[in-house]
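Pasted below: structure.cif, mmCIF, C-alpha atoms.
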```cif
data_start
loop_
_atom_site.label_atom_id
_atom_site.label_comp_id
_atom_site.auth_asym_id
_atom_site.auth_seq_id
_atom_site.Cartn_x
_atom_site.Cartn_y
_atom_site.Cartn_z
CA MET A 1 165.11 67.70 -33.32
CA ILE A 2 161.59 67.37 -34.61
CA ASP A 3 160.21 68.45 -31.25
CA GLN A 4 162.05 71.76 -31.48
CA VAL A 5 160.49 72.55 -34.80
CA ASN A 6 156.88 71.78 -34.16
CA PRO A 7 155.27 70.61 -30.93
CA ALA A 8 151.98 69.95 -32.72
CA PRO A 9 149.34 68.00 -30.79
CA ARG A 10 149.67 64.25 -31.18
CA ARG A 11 146.74 62.33 -32.55
CA ASP A 12 147.82 58.74 -32.14
CA ASN A 13 147.78 56.13 -29.43
CA GLN A 14 150.59 57.83 -27.54
CA ASP A 15 148.85 61.17 -27.26
CA PRO A 16 148.69 61.78 -23.49
CA ALA A 17 145.29 63.40 -23.89
CA LEU A 18 143.96 60.17 -25.34
CA PHE A 19 145.56 57.73 -22.94
CA GLY A 20 143.14 55.03 -21.88
CA GLN A 21 141.81 51.61 -22.65
CA THR A 22 142.48 50.56 -26.23
CA PRO A 23 139.23 50.01 -28.14
CA SER A 24 138.18 46.50 -29.09
CA GLN A 25 138.03 45.39 -32.73
CA THR A 26 136.71 42.33 -34.56
CA VAL A 27 138.98 39.34 -35.14
CA GLY A 28 137.72 39.51 -38.73
CA PRO A 29 137.13 36.49 -40.94
CA PHE A 30 140.75 35.41 -41.42
CA PHE A 31 142.04 34.72 -37.92
CA HIS A 32 142.24 30.95 -38.36
CA TYR A 33 145.93 30.80 -39.18
CA GLY A 34 146.94 33.45 -36.67
CA LEU A 35 145.27 32.36 -33.45
CA PRO A 36 144.12 28.74 -33.10
CA TRP A 37 146.60 25.91 -33.28
CA LYS A 38 146.09 22.18 -33.38
CA GLY A 39 145.25 20.91 -29.93
CA CYS A 40 144.34 24.29 -28.46
CA ALA A 41 140.86 22.99 -27.63
CA ASP A 42 142.16 19.89 -25.88
CA LEU A 43 142.96 20.94 -22.32
CA ILE A 44 143.88 17.47 -21.10
CA GLY A 45 145.55 15.66 -23.99
CA ASP A 46 147.26 16.07 -27.32
CA SER A 47 144.51 15.61 -29.88
CA ASP A 48 144.33 17.90 -32.91
CA ILE A 49 141.03 19.60 -32.20
CA GLY A 50 140.60 23.33 -32.06
CA ALA A 51 142.06 24.66 -35.30
CA ARG A 52 141.01 24.91 -38.96
CA PRO A 53 144.16 23.74 -40.79
CA GLU A 54 142.16 23.13 -43.99
CA LEU A 55 141.85 26.89 -44.39
CA PHE A 56 145.51 27.55 -45.17
CA PRO A 57 148.37 25.69 -46.81
CA VAL A 58 150.19 23.27 -44.58
CA GLU A 59 153.51 25.06 -45.05
CA HIS A 60 151.97 28.10 -43.40
CA TYR A 61 151.08 26.28 -40.23
CA VAL A 62 153.57 28.13 -38.06
CA LEU A 63 151.84 27.86 -34.70
CA ALA A 64 153.36 24.77 -33.20
CA SER A 65 151.69 22.59 -30.67
CA PRO A 66 152.76 23.32 -27.11
CA SER A 67 154.70 20.92 -24.98
CA ALA A 68 153.08 17.69 -23.87
CA LYS A 69 150.52 17.97 -21.12
CA GLY A 70 150.67 16.12 -17.85
CA GLU A 71 148.30 13.86 -16.01
CA VAL A 72 145.15 15.68 -15.02
CA GLU A 73 142.90 14.61 -12.21
CA GLY A 74 139.15 14.80 -12.53
CA GLU A 75 136.33 13.74 -14.81
CA PRO A 76 137.15 14.21 -18.52
CA ILE A 77 134.30 15.82 -20.43
CA VAL A 78 133.54 16.93 -23.98
CA ILE A 79 131.83 20.27 -24.46
CA GLU A 80 130.34 21.05 -27.82
CA GLY A 81 127.82 23.42 -29.28
CA VAL A 82 126.81 25.42 -32.30
CA VAL A 83 127.10 29.19 -32.66
CA LEU A 84 124.02 30.76 -34.30
CA ASP A 85 123.21 34.27 -35.53
CA ALA A 86 119.93 36.21 -35.47
CA ASP A 87 118.57 34.30 -38.48
CA GLY A 88 119.39 30.90 -36.98
CA LYS A 89 122.27 30.49 -39.41
CA VAL A 90 125.40 28.78 -38.19
CA VAL A 91 128.47 30.94 -37.66
CA PRO A 92 131.41 29.13 -39.29
CA ASP A 93 134.01 31.76 -38.37
CA ALA A 94 133.63 32.14 -34.62
CA MET A 95 136.31 31.51 -32.04
CA ILE A 96 135.47 30.36 -28.54
CA GLU A 97 137.81 30.57 -25.56
CA ILE A 98 137.29 29.02 -22.15
CA TRP A 99 138.84 29.64 -18.75
CA GLN A 100 138.12 27.30 -15.87
CA ALA A 101 139.30 25.84 -12.60
CA ASP A 102 140.59 22.31 -12.19
CA ALA A 103 138.62 19.49 -10.58
CA ALA A 104 139.60 20.79 -7.15
CA GLY A 105 138.42 24.33 -7.94
CA ARG A 106 141.89 25.83 -8.39
CA TYR A 107 142.89 28.29 -11.10
CA VAL A 108 146.38 28.37 -12.53
CA ASP A 109 146.99 32.01 -11.66
CA GLY A 110 150.59 31.74 -10.59
CA SER A 111 149.82 30.73 -7.04
CA CYS A 112 149.71 27.02 -7.64
CA ASP A 113 151.68 24.74 -9.90
CA ILE A 114 149.43 22.12 -11.39
CA GLY A 115 149.44 20.44 -14.76
CA PHE A 116 146.01 21.63 -15.77
CA ILE A 117 146.18 25.17 -17.16
CA GLY A 118 142.45 25.55 -17.68
CA TRP A 119 142.51 27.74 -20.78
CA GLY A 120 141.48 26.70 -24.29
CA ARG A 121 140.58 28.05 -27.70
CA ALA A 122 138.44 26.50 -30.45
CA SER A 123 137.25 27.61 -33.86
CA THR A 124 133.83 26.73 -35.16
CA GLY A 125 133.72 24.52 -38.26
CA GLU A 126 131.65 24.97 -41.42
CA ASP A 127 128.77 23.51 -39.40
CA GLY A 128 129.14 26.22 -36.78
CA VAL A 129 130.18 23.69 -34.14
CA TYR A 130 132.98 24.17 -31.63
CA ARG A 131 134.32 21.45 -29.37
CA PHE A 132 136.53 21.18 -26.25
CA LEU A 133 138.05 18.30 -24.35
CA THR A 134 138.54 19.24 -20.72
CA ILE A 135 137.71 18.18 -17.20
CA ARG A 136 134.69 19.01 -15.17
CA PRO A 137 135.62 21.97 -12.92
CA GLY A 138 135.17 22.02 -9.16
CA ARG A 139 133.77 24.86 -7.09
CA VAL A 140 136.10 27.84 -6.85
CA ASP A 141 134.45 29.20 -3.73
CA ALA A 142 131.71 28.29 -1.31
CA ARG A 143 128.96 30.19 -3.06
CA GLN A 144 129.42 29.68 -6.78
CA ALA A 145 128.40 26.55 -8.60
CA PRO A 146 130.99 24.89 -10.87
CA HIS A 147 131.22 26.88 -14.10
CA ILE A 148 133.39 27.68 -17.09
CA ALA A 149 134.00 31.23 -18.32
CA VAL A 150 133.43 31.53 -22.06
CA SER A 151 134.50 34.20 -24.58
CA VAL A 152 133.00 34.52 -28.07
CA PHE A 153 134.85 36.21 -30.96
CA GLY A 154 134.10 36.35 -34.66
CA ARG A 155 133.63 38.40 -37.79
CA GLY A 156 131.06 41.06 -36.95
CA VAL A 157 131.63 40.64 -33.24
CA ILE A 158 133.39 43.92 -32.52
CA LYS A 159 133.60 43.32 -28.80
CA ARG A 160 134.40 40.02 -27.14
CA LEU A 161 131.21 38.51 -25.72
CA ALA A 162 131.60 36.97 -22.28
CA THR A 163 129.29 34.31 -20.90
CA ARG A 164 129.38 31.30 -18.56
CA LEU A 165 128.63 27.62 -18.83
CA TYR A 166 126.97 25.80 -15.92
CA PHE A 167 126.11 22.10 -15.63
CA GLU A 168 122.47 21.02 -15.55
CA ASP A 169 122.90 18.36 -12.87
CA GLU A 170 124.47 20.67 -10.27
CA ALA A 171 122.30 21.30 -7.23
CA ALA A 172 124.53 24.29 -6.41
CA ASN A 173 123.16 26.17 -9.44
CA ALA A 174 120.10 27.14 -7.42
CA ALA A 175 122.19 29.27 -5.04
CA ASP A 176 124.79 30.56 -7.51
CA PRO A 177 125.08 34.36 -7.07
CA ILE A 178 125.86 35.01 -10.75
CA LEU A 179 122.97 32.93 -12.07
CA ALA A 180 120.77 34.78 -9.60
CA LEU A 181 121.53 38.03 -11.45
CA VAL A 182 120.13 36.57 -14.66
CA PRO A 183 116.38 36.81 -15.33
CA ALA A 184 114.92 33.40 -14.51
CA GLU A 185 113.47 32.87 -17.97
CA ARG A 186 116.91 33.33 -19.56
CA ARG A 187 118.98 31.22 -17.17
CA GLU A 188 118.66 28.11 -19.30
CA THR A 189 120.88 29.73 -21.95
CA LEU A 190 123.77 29.30 -19.51
CA ILE A 191 123.10 25.66 -18.66
CA ALA A 192 124.90 22.91 -20.57
CA CYS A 193 122.82 19.77 -21.06
CA LYS A 194 124.14 16.23 -21.06
CA ALA A 195 123.52 14.69 -24.47
CA GLY A 196 124.98 11.22 -24.60
CA ALA A 197 128.72 11.51 -24.17
CA VAL A 198 128.93 15.28 -24.50
CA TRP A 199 127.83 18.41 -22.71
CA ARG A 200 125.88 20.52 -25.20
CA PHE A 201 126.21 24.30 -24.95
CA ASP A 202 124.85 26.28 -27.92
CA ILE A 203 125.60 29.97 -28.22
CA VAL A 204 122.96 32.21 -29.82
CA LEU A 205 124.26 35.68 -30.66
CA GLN A 206 120.86 37.27 -31.16
CA GLY A 207 117.18 36.35 -31.20
CA ASP A 208 114.55 34.50 -29.21
CA ARG A 209 116.94 32.23 -27.38
CA GLU A 210 119.77 34.74 -27.23
CA THR A 211 122.51 33.65 -24.86
CA VAL A 212 122.98 35.80 -21.79
CA PHE A 213 126.20 37.78 -22.12
CA PHE A 214 127.86 39.51 -19.21
CA ASP A 215 129.33 42.93 -18.63
CA ILE A 216 132.52 42.07 -16.83
CA MET B 1 142.95 38.86 -2.05
CA SER B 2 140.32 40.91 -3.78
CA GLN B 3 140.97 42.55 -7.09
CA SER B 4 138.73 44.32 -9.51
CA PHE B 5 139.05 45.84 -12.95
CA LYS B 6 137.65 49.07 -14.26
CA ARG B 7 134.89 48.58 -16.72
CA GLU B 8 135.27 49.85 -20.25
CA ASP B 9 134.95 53.54 -20.93
CA ALA B 10 133.33 55.56 -23.71
CA SER B 11 136.11 54.59 -26.08
CA GLN B 12 134.64 51.19 -26.75
CA PRO B 13 132.62 50.59 -29.92
CA PRO B 14 129.02 49.40 -29.67
CA SER B 15 128.32 45.75 -30.52
CA LEU B 16 125.85 46.87 -33.17
CA HIS B 17 127.36 49.23 -35.74
CA ALA B 18 125.09 48.99 -38.78
CA PRO B 19 127.59 50.39 -41.31
CA TYR B 20 129.65 47.25 -40.54
CA ALA B 21 127.04 44.88 -41.92
CA SER B 22 128.18 41.70 -40.16
CA THR B 23 127.37 43.22 -36.78
CA VAL B 24 123.64 43.38 -37.59
CA PRO B 25 122.79 39.66 -37.16
CA ARG B 26 125.66 38.94 -34.79
CA SER B 27 125.23 41.47 -31.98
CA PRO B 28 123.13 40.74 -28.90
CA ARG B 29 119.92 42.72 -28.50
CA GLN B 30 119.48 42.03 -24.79
CA PRO B 31 121.42 44.23 -22.39
CA LEU B 32 124.57 42.71 -20.94
CA VAL B 33 124.09 41.42 -17.39
CA ARG B 34 126.56 43.18 -15.16
CA ILE B 35 128.26 40.82 -12.74
CA PRO B 36 130.71 41.30 -9.88
CA HIS B 37 134.24 40.09 -10.31
CA THR B 38 134.90 36.72 -8.76
CA LEU B 39 138.08 34.69 -8.93
CA THR B 40 136.98 33.62 -12.39
CA GLU B 41 137.23 37.15 -13.80
CA THR B 42 140.32 38.28 -11.87
CA THR B 43 142.54 35.33 -12.71
CA GLY B 44 144.19 34.10 -15.88
CA PRO B 45 147.07 31.84 -16.85
CA ALA B 46 149.54 34.76 -16.98
CA ASN B 47 152.42 32.62 -15.80
CA ALA B 48 151.55 29.62 -17.95
CA TRP B 49 151.46 31.05 -21.46
CA SER B 50 154.78 29.64 -22.64
CA ARG B 51 153.82 26.25 -21.23
CA LEU B 52 150.50 26.45 -23.03
CA MET B 53 151.50 27.94 -26.38
CA GLY B 54 155.17 27.29 -26.90
CA GLY B 55 157.84 29.83 -27.78
CA ALA B 56 157.88 33.23 -29.40
CA LEU B 57 157.41 33.82 -33.13
CA ALA B 58 158.48 37.44 -33.18
CA ASP B 59 160.02 37.70 -36.66
CA LEU B 60 157.44 37.14 -39.38
CA THR B 61 160.06 37.64 -42.11
CA THR B 62 162.11 34.55 -41.26
CA GLN B 63 159.40 31.88 -41.11
CA HIS B 64 160.08 30.59 -44.62
CA LYS B 65 162.94 30.02 -47.05
CA ALA B 66 163.32 33.58 -48.27
CA MET B 67 162.39 37.12 -47.30
CA PRO B 68 158.78 38.11 -47.97
CA GLN B 69 158.07 40.92 -50.42
CA GLY B 70 157.34 44.36 -49.07
CA GLN B 71 158.54 47.09 -46.76
CA ARG B 72 160.15 45.60 -43.66
CA ILE B 73 158.82 47.07 -40.43
CA ILE B 74 159.49 46.76 -36.71
CA VAL B 75 156.39 47.13 -34.57
CA SER B 76 157.09 47.64 -30.91
CA GLY B 77 155.43 49.07 -27.90
CA ARG B 78 154.33 48.49 -24.36
CA VAL B 79 151.30 46.89 -22.83
CA LEU B 80 150.06 49.09 -20.01
CA ASP B 81 147.14 49.21 -17.64
CA GLU B 82 144.97 52.27 -17.30
CA ASP B 83 147.21 53.67 -14.59
CA GLY B 84 150.14 53.56 -16.99
CA ARG B 85 151.81 50.61 -15.31
CA PRO B 86 153.46 47.97 -17.49
CA VAL B 87 151.74 44.62 -17.82
CA PRO B 88 154.31 41.81 -18.04
CA ASN B 89 153.57 38.21 -19.08
CA THR B 90 150.93 39.28 -21.58
CA VAL B 91 150.68 37.21 -24.74
CA VAL B 92 150.57 39.47 -27.81
CA GLU B 93 149.48 37.58 -30.92
CA ILE B 94 149.32 39.22 -34.35
CA TRP B 95 148.01 38.28 -37.76
CA GLN B 96 147.93 40.32 -40.95
CA ALA B 97 147.69 40.39 -44.74
CA ASN B 98 150.83 40.41 -46.87
CA ALA B 99 152.31 43.46 -48.57
CA ALA B 100 149.82 43.15 -51.43
CA GLY B 101 146.87 43.09 -49.04
CA ARG B 102 146.08 39.38 -49.19
CA TYR B 103 145.80 36.88 -46.37
CA ILE B 104 147.19 33.36 -46.71
CA HIS B 105 143.72 32.15 -45.69
CA LYS B 106 142.03 30.06 -48.40
CA LYS B 107 138.82 32.05 -48.17
CA ASP B 108 140.62 35.27 -49.10
CA GLN B 109 140.08 35.35 -52.87
CA TRP B 110 141.13 38.94 -53.47
CA ASP B 111 143.07 39.09 -56.73
CA ALA B 112 146.43 40.10 -55.27
CA PRO B 113 149.52 37.90 -55.20
CA LEU B 114 150.11 35.45 -52.42
CA ASP B 115 153.59 35.44 -50.94
CA PRO B 116 154.96 31.95 -50.30
CA ASN B 117 157.41 33.45 -47.83
CA PHE B 118 154.87 35.18 -45.67
CA THR B 119 152.30 33.65 -43.36
CA GLY B 120 151.51 36.76 -41.34
CA ALA B 121 151.15 35.23 -37.88
CA GLY B 122 153.28 35.71 -34.79
CA ARG B 123 153.25 35.89 -31.02
CA VAL B 124 155.41 37.20 -28.19
CA ILE B 125 155.09 37.58 -24.44
CA THR B 126 155.70 40.98 -22.87
CA ASP B 127 158.81 41.38 -20.72
CA ASP B 128 159.07 42.80 -17.20
CA GLU B 129 158.53 46.33 -18.56
CA GLY B 130 155.52 45.25 -20.57
CA ARG B 131 157.44 45.56 -23.85
CA TYR B 132 156.84 43.62 -27.03
CA GLN B 133 158.36 43.73 -30.53
CA PHE B 134 157.62 42.14 -33.90
CA VAL B 135 159.47 42.24 -37.23
CA SER B 136 157.14 42.02 -40.20
CA VAL B 137 156.27 43.68 -43.50
CA ARG B 138 153.83 46.51 -43.90
CA PRO B 139 150.47 45.00 -44.88
CA GLY B 140 148.59 46.30 -47.91
CA ALA B 141 145.06 47.68 -48.04
CA TYR B 142 142.43 45.40 -49.56
CA PRO B 143 138.84 45.52 -50.78
CA TRP B 144 136.03 43.78 -48.93
CA GLY B 145 132.38 43.15 -49.59
CA ASN B 146 130.79 45.32 -46.93
CA HIS B 147 129.54 48.01 -49.33
CA HIS B 148 130.33 49.54 -52.72
CA ASN B 149 134.02 50.40 -53.08
CA ALA B 150 134.86 49.28 -49.56
CA TRP B 151 138.58 49.08 -48.75
CA ARG B 152 140.12 48.20 -45.45
CA PRO B 153 142.98 50.40 -44.34
CA ALA B 154 146.31 48.66 -43.82
CA HIS B 155 146.14 47.07 -40.40
CA ILE B 156 147.62 44.45 -38.11
CA HIS B 157 145.32 42.44 -35.86
CA LEU B 158 146.43 42.10 -32.26
CA SER B 159 145.18 39.70 -29.63
CA LEU B 160 146.21 40.31 -26.04
CA LEU B 161 145.82 37.95 -23.12
CA GLY B 162 146.36 40.04 -20.04
CA PRO B 163 146.62 38.82 -16.46
CA ALA B 164 142.93 38.00 -16.10
CA PHE B 165 139.88 36.77 -17.97
CA ALA B 166 138.60 40.35 -17.66
CA THR B 167 141.66 41.82 -19.41
CA ARG B 168 141.25 39.97 -22.69
CA LEU B 169 141.50 42.29 -25.70
CA VAL B 170 141.42 41.90 -29.48
CA THR B 171 142.17 45.05 -31.41
CA GLN B 172 143.70 46.36 -34.63
CA MET B 173 146.65 48.64 -35.27
CA TYR B 174 146.43 51.13 -38.14
CA PHE B 175 149.17 53.17 -39.75
CA PRO B 176 149.53 56.96 -39.51
CA ASP B 177 148.22 59.22 -42.26
CA ASP B 178 146.11 56.54 -43.92
CA PRO B 179 143.12 58.15 -45.69
CA LEU B 180 141.21 54.86 -45.64
CA ILE B 181 140.79 54.92 -41.84
CA GLU B 182 138.15 57.62 -41.93
CA ILE B 183 135.97 55.71 -44.40
CA ASP B 184 136.37 52.27 -42.80
CA PRO B 185 133.23 51.07 -40.97
CA ILE B 186 135.19 48.82 -38.61
CA ALA B 187 137.56 51.56 -37.47
CA ASN B 188 134.66 53.99 -37.42
CA ALA B 189 132.73 51.87 -34.95
CA VAL B 190 135.11 53.44 -32.44
CA PRO B 191 133.99 56.99 -31.65
CA LEU B 192 136.31 59.93 -32.13
CA PRO B 193 138.66 60.96 -30.64
CA TYR B 194 139.29 57.47 -29.23
CA ARG B 195 139.68 56.04 -32.74
CA GLN B 196 143.15 57.61 -32.67
CA ARG B 197 144.15 55.10 -30.01
CA LEU B 198 144.22 52.56 -32.84
CA VAL B 199 146.76 54.51 -34.89
CA SER B 200 150.44 53.68 -34.53
CA ARG B 201 153.24 56.22 -34.77
CA PHE B 202 156.22 56.21 -37.06
CA ASP B 203 159.33 56.27 -34.88
CA ILE B 204 162.81 57.14 -36.07
CA GLU B 205 164.39 55.85 -32.85
CA THR B 206 163.30 52.26 -33.44
CA THR B 207 163.85 52.52 -37.19
CA GLN B 208 166.92 50.49 -38.13
CA PRO B 209 169.38 52.04 -40.61
CA ASN B 210 169.31 50.34 -44.01
CA TRP B 211 166.91 47.72 -42.72
CA ALA B 212 163.41 48.50 -41.41
CA LEU B 213 160.98 51.28 -40.49
CA GLY B 214 159.88 51.46 -36.86
CA TYR B 215 156.30 51.91 -35.64
CA LEU B 216 155.25 52.29 -32.03
CA PHE B 217 151.96 51.00 -30.71
CA ASP B 218 151.18 50.91 -27.02
CA VAL B 219 148.16 48.91 -25.93
CA VAL B 220 146.27 49.84 -22.79
CA LEU B 221 144.33 47.08 -21.05
CA ARG B 222 141.71 47.88 -18.51
CA GLY B 223 143.37 48.63 -15.19
CA ARG B 224 143.06 47.26 -11.73
CA ASP B 225 141.39 49.93 -9.66
CA GLY B 226 142.25 48.28 -6.37
CA THR B 227 138.73 48.53 -5.08
CA PRO B 228 136.62 45.40 -5.15
CA PHE B 229 133.51 45.99 -7.18
CA GLU B 230 131.41 43.97 -4.80
CA ASP B 231 133.23 42.28 -1.98
CA ASP B 232 130.47 39.79 -1.25
CA HIS B 233 131.66 37.49 -3.91
CA HIS B 234 135.35 37.39 -3.07
CA ASP B 235 135.67 34.43 -0.78
#
```
Hey, can you dump this file as structure tokens for me?
Amino acid sequence: MIDQVNPAPRRDNQDPALFGQTPSQTVGPFFHYGLPWKGCADLIGDSDIGARPELFPVEHYVLASPSAKGEVEGEPIVIEGVVLDADGKVVPDAMIEIWQADAAGRYVDGSCDIGFIGWGRASTGEDGVYRFLTIRPGRVDARQAPHIAVSVFGRGVIKRLATRLYFEDEAANAADPILALVPAERRETLIACKAGAVWRFDIVLQGDRETVFFDI
Amino acid sequence: MSQSFKREDASQPPSLHAPYASTVPRSPRQPLVRIPHTLTETTGPANAWSRLMGGALADLTTQHKAMPQGQRIIVSGRVLDEDGRPVPNTVVEIWQANAAGRYIHKKDQWDAPLDPNFTGAGRVITDDEGRYQFVSVRPGAYPWGNHHNAWRPAHIHLSLLGPAFATRLVTQMYFPDDPLIEIDPIANAVPLPYRQRLVSRFDIETTQPNWALGYLFDVVLRGRDGTPFEDDHHD
């Protein structure tokens, strides 16, 4: 009925003239109750890490933990790091996501049925630190070194920032075709270093030691 | 099998948008390093979301003992790729302020009432036709500290996990005919006319008599173009 009266041009997201990729927007400062849930940063067990439950009342914790995880083969590792801004200040409201293969180099993409899903999400704390429990990934193909894909979100981060984590003790890094695209003097920003029991991977959004981010 | 995804078009905002002050110290200054798509970028846990996250939370008005305050709304739409094809198995997560414009988050100290019956968080997975639907209440506008007299337009945050690492998208849905959109630095980081892709449409067909107003919001993820960007790296 309305169409018969006035076929005025549409100016919303269903306007055929505007059809195309939806623009990216910041997650804003208040995503903590809407996205991360307890355990979302533990890819191999059922610990509580990953969320910031102190930032909202317990009765509003609606995102339940997923079903129990299965046995996962491979070397368990902890990944942790701090997110820093241009002034070297910690970023206490960032969210990090990871996507990785299992110890045998397989992704859960529908073609294989394995217990390790390989995807995780962690919020930074007041100290700007994020943390994951996972397993060390294998090589996904003959050329690439073992790596973990990393996404960075946060207040003021309008577009998701994509980067990669590599392991410092991997000989295969030297021939990795993605690392080879990165200027040599900046490659170290993609290399996690073993520090005691954890793999340390800091993310610098801007500045002298700015992390290399990728256009994917 | 080789797959690739179209890179973003002119509709995307820049990382640095000075009128949105938080972008100034938090946006990279070095150019992004363009990389070919390997298995890492073309895969994602599309068939494992329910195993990973648990079930749907599609009705935000029934999460607590009583109905939340505010205008009940039904937000529905499709998730499509750039060729207009539906994208099934996509996790759509939302979070939003309550009807008075306040988040349940403890750091939101805006002097508007909290609603004990509204958390403002939900998630669903798109069906075979790429469809999703949430029941919620219309969020209020609220002030923020970006600049003098800064108010955010009413909006719902959406997070979409498409079929691949490359199809990850976080966006916001705005409401039609909201005068605050044109003075909002976050919305305005998106150049015109593409900003309109963030505006939902009131829809009488999905409006439920005597119950809730319907809004439609389709989300378009980057599409598979079928042509490997650089075949060397697809082993």
>> One number please: CA of Ser159 in chain B to CA of Ile148 in chain A, in Å, one decimal.
In response: 21.0 Å
>> Starting from the PyMOL selection byres ((chain A) within 6 of (chain B)), expand the selection into actual residues of this file and give them as number ranges by chain.
In response: A: 11-13, 20-25, 34, 55-56, 60, 66, 85-86, 108-110, 156, 158, 205-206, 213-215
>> Could you tell me how far CA of Lys38 in chain A sits from CA of Glu71 in chain A, in Å to one decimal place?
In response: 19.4 Å
Contacts of Leu133 in chain A at 8 Å (only C-alpha atoms; same-chain gap of 3+ positions) as an mmCIF file with C-alpha atoms, in the frame of the given file:
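around-v5.cif, freshly written:
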```
data_model
loop_
_atom_site.group_PDB
_atom_site.id
_atom_site.type_symbol
_atom_site.label_atom_id
_atom_site.label_comp_id
_atom_site.auth_asym_id
_atom_site.auth_seq_id
_atom_site.Cartn_x
_atom_site.Cartn_y
_atom_site.Cartn_z
ATOM 1 C CA ALA A 41 140.860 22.990 -27.630
ATOM 2 C CA ASP A 42 142.160 19.890 -25.880
ATOM 3 C CA LEU A 43 142.960 20.940 -22.320
ATOM 4 C CA ILE A 44 143.880 17.470 -21.100
ATOM 5 C CA GLY A 45 145.550 15.660 -23.990
ATOM 6 C CA PRO A 76 137.150 14.210 -18.520
ATOM 7 C CA ILE A 77 134.300 15.820 -20.430
ATOM 8 C CA VAL A 78 133.540 16.930 -23.980
ATOM 9 C CA ILE A 79 131.830 20.270 -24.460
#
```
> What is the CA of Ile191 in chain A to CA of Tyr166 in chain A distance in Å?
Replying inline: 4.7 Å
>> Show me, as an MDAnalysis selection string, the residues that have an atom within 8 Å of Ala141 in chain B when counting all atoms listed in the file, minus same-chain residues fewer than 3 positions from it.
In response: chainID B and resid 100:101 151:155
> What residues come out when you apply the PyMOL selection byres ((chain B and resi 73) around 7) to this file, written as JSON, numbers by chain?
Replying inline: {"B": [71, 72, 74, 75, 135, 136, 137, 138, 212, 213, 214]}
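Put simply, the PyMOL selection byres ((chain A and resi 177) around 8) on this file hits A:Arg143, A:Gln144, A:Ala175, A:Asp176, A:Ile178, A:Leu179, A:Ala180, A:Leu181, B:His233.
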> Neighbours of Glu170 in chain A within 9 Å (all atoms listed in the file; same-chain residues fewer than 4 positions away dropped), as a list in words?
Replying inline: Ala145, Pro146, Tyr166 and Ala174 of chain A
>> I need the residue nearest Ser123 in chain A from this list: A:Asp102, A:Glu73, A:Glu80, A:Asp141. Use all atoms listed in the file for the distance.
In response: A:Glu80
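Nearest-residue note for Pro19 in chain B: choosing from B:Glu205, B:Asp111, B:Asp59, B:Asp184, the minimum distance belongs to B:Asp184, counting all atoms listed in the file.
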>> Could you list, as a ChimeraX atom specification, every residue within 9 Å of Glu188 in chain A, counting only C-alpha atoms and ignoring same-chain residues fewer than 3 positions away?
In response: /A:168,184-185,191-192,211
With N, CA and C atoms as the target, complete range 145-156 of chain A and hand it back as a PDB file, in the frame of the given file.
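As written to disk, part_17.pdb reads:
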```pdb
ATOM      1  N   ALA A 145     128.466  27.895  -8.059  1.00  0.00           N
ATOM      2  CA  ALA A 145     128.400  26.550  -8.600  1.00  0.00           C
ATOM      3  C   ALA A 145     129.547  26.357  -9.595  1.00  0.00           C
ATOM      4  N   PRO A 146     129.949  25.118  -9.855  1.00  0.00           N
ATOM      5  CA  PRO A 146     130.990  24.890 -10.870  1.00  0.00           C
ATOM      6  C   PRO A 146     130.576  25.514 -12.204  1.00  0.00           C
ATOM      7  N   HIS A 147     131.544  26.183 -12.851  1.00  0.00           N
ATOM      8  CA  HIS A 147     131.220  26.880 -14.100  1.00  0.00           C
ATOM      9  C   HIS A 147     132.478  27.044 -14.926  1.00  0.00           C
ATOM     10  N   ILE A 148     132.294  27.389 -16.175  1.00  0.00           N
ATOM     11  CA  ILE A 148     133.390  27.680 -17.090  1.00  0.00           C
ATOM     12  C   ILE A 148     133.133  29.048 -17.706  1.00  0.00           C
ATOM     13  N   ALA A 149     134.132  29.927 -17.670  1.00  0.00           N
ATOM     14  CA  ALA A 149     134.000  31.230 -18.320  1.00  0.00           C
ATOM     15  C   ALA A 149     134.236  31.052 -19.819  1.00  0.00           C
ATOM     16  N   VAL A 150     133.406  31.716 -20.609  1.00  0.00           N
ATOM     17  CA  VAL A 150     133.430  31.530 -22.060  1.00  0.00           C
ATOM     18  C   VAL A 150     133.522  32.895 -22.747  1.00  0.00           C
ATOM     19  N   SER A 151     134.412  33.002 -23.743  1.00  0.00           N
ATOM     20  CA  SER A 151     134.500  34.200 -24.580  1.00  0.00           C
ATOM     21  C   SER A 151     134.110  33.838 -26.005  1.00  0.00           C
ATOM     22  N   VAL A 152     133.396  34.738 -26.681  1.00  0.00           N
ATOM     23  CA  VAL A 152     133.000  34.520 -28.070  1.00  0.00           C
ATOM     24  C   VAL A 152     133.586  35.647 -28.929  1.00  0.00           C
ATOM     25  N   PHE A 153     134.291  35.263 -29.997  1.00  0.00           N
ATOM     26  CA  PHE A 153     134.850  36.210 -30.960  1.00  0.00           C
ATOM     27  C   PHE A 153     134.386  35.805 -32.358  1.00  0.00           C
ATOM     28  N   GLY A 154     134.424  36.732 -33.294  1.00  0.00           N
ATOM     29  CA  GLY A 154     134.100  36.350 -34.660  1.00  0.00           C
ATOM     30  C   GLY A 154     134.017  37.565 -35.562  1.00  0.00           C
ATOM     31  N   ARG A 155     133.911  37.316 -36.851  1.00  0.00           N
ATOM     32  CA  ARG A 155     133.630  38.400 -37.790  1.00  0.00           C
ATOM     33  C   ARG A 155     132.318  39.051 -37.388  1.00  0.00           C
ATOM     34  N   GLY A 156     132.290  40.371 -37.331  1.00  0.00           N
ATOM     35  CA  GLY A 156     131.060  41.060 -36.950  1.00  0.00           C
ATOM     36  C   GLY A 156     130.856  41.177 -35.453  1.00  0.00           C
TER      37      GLY A 156
END
```
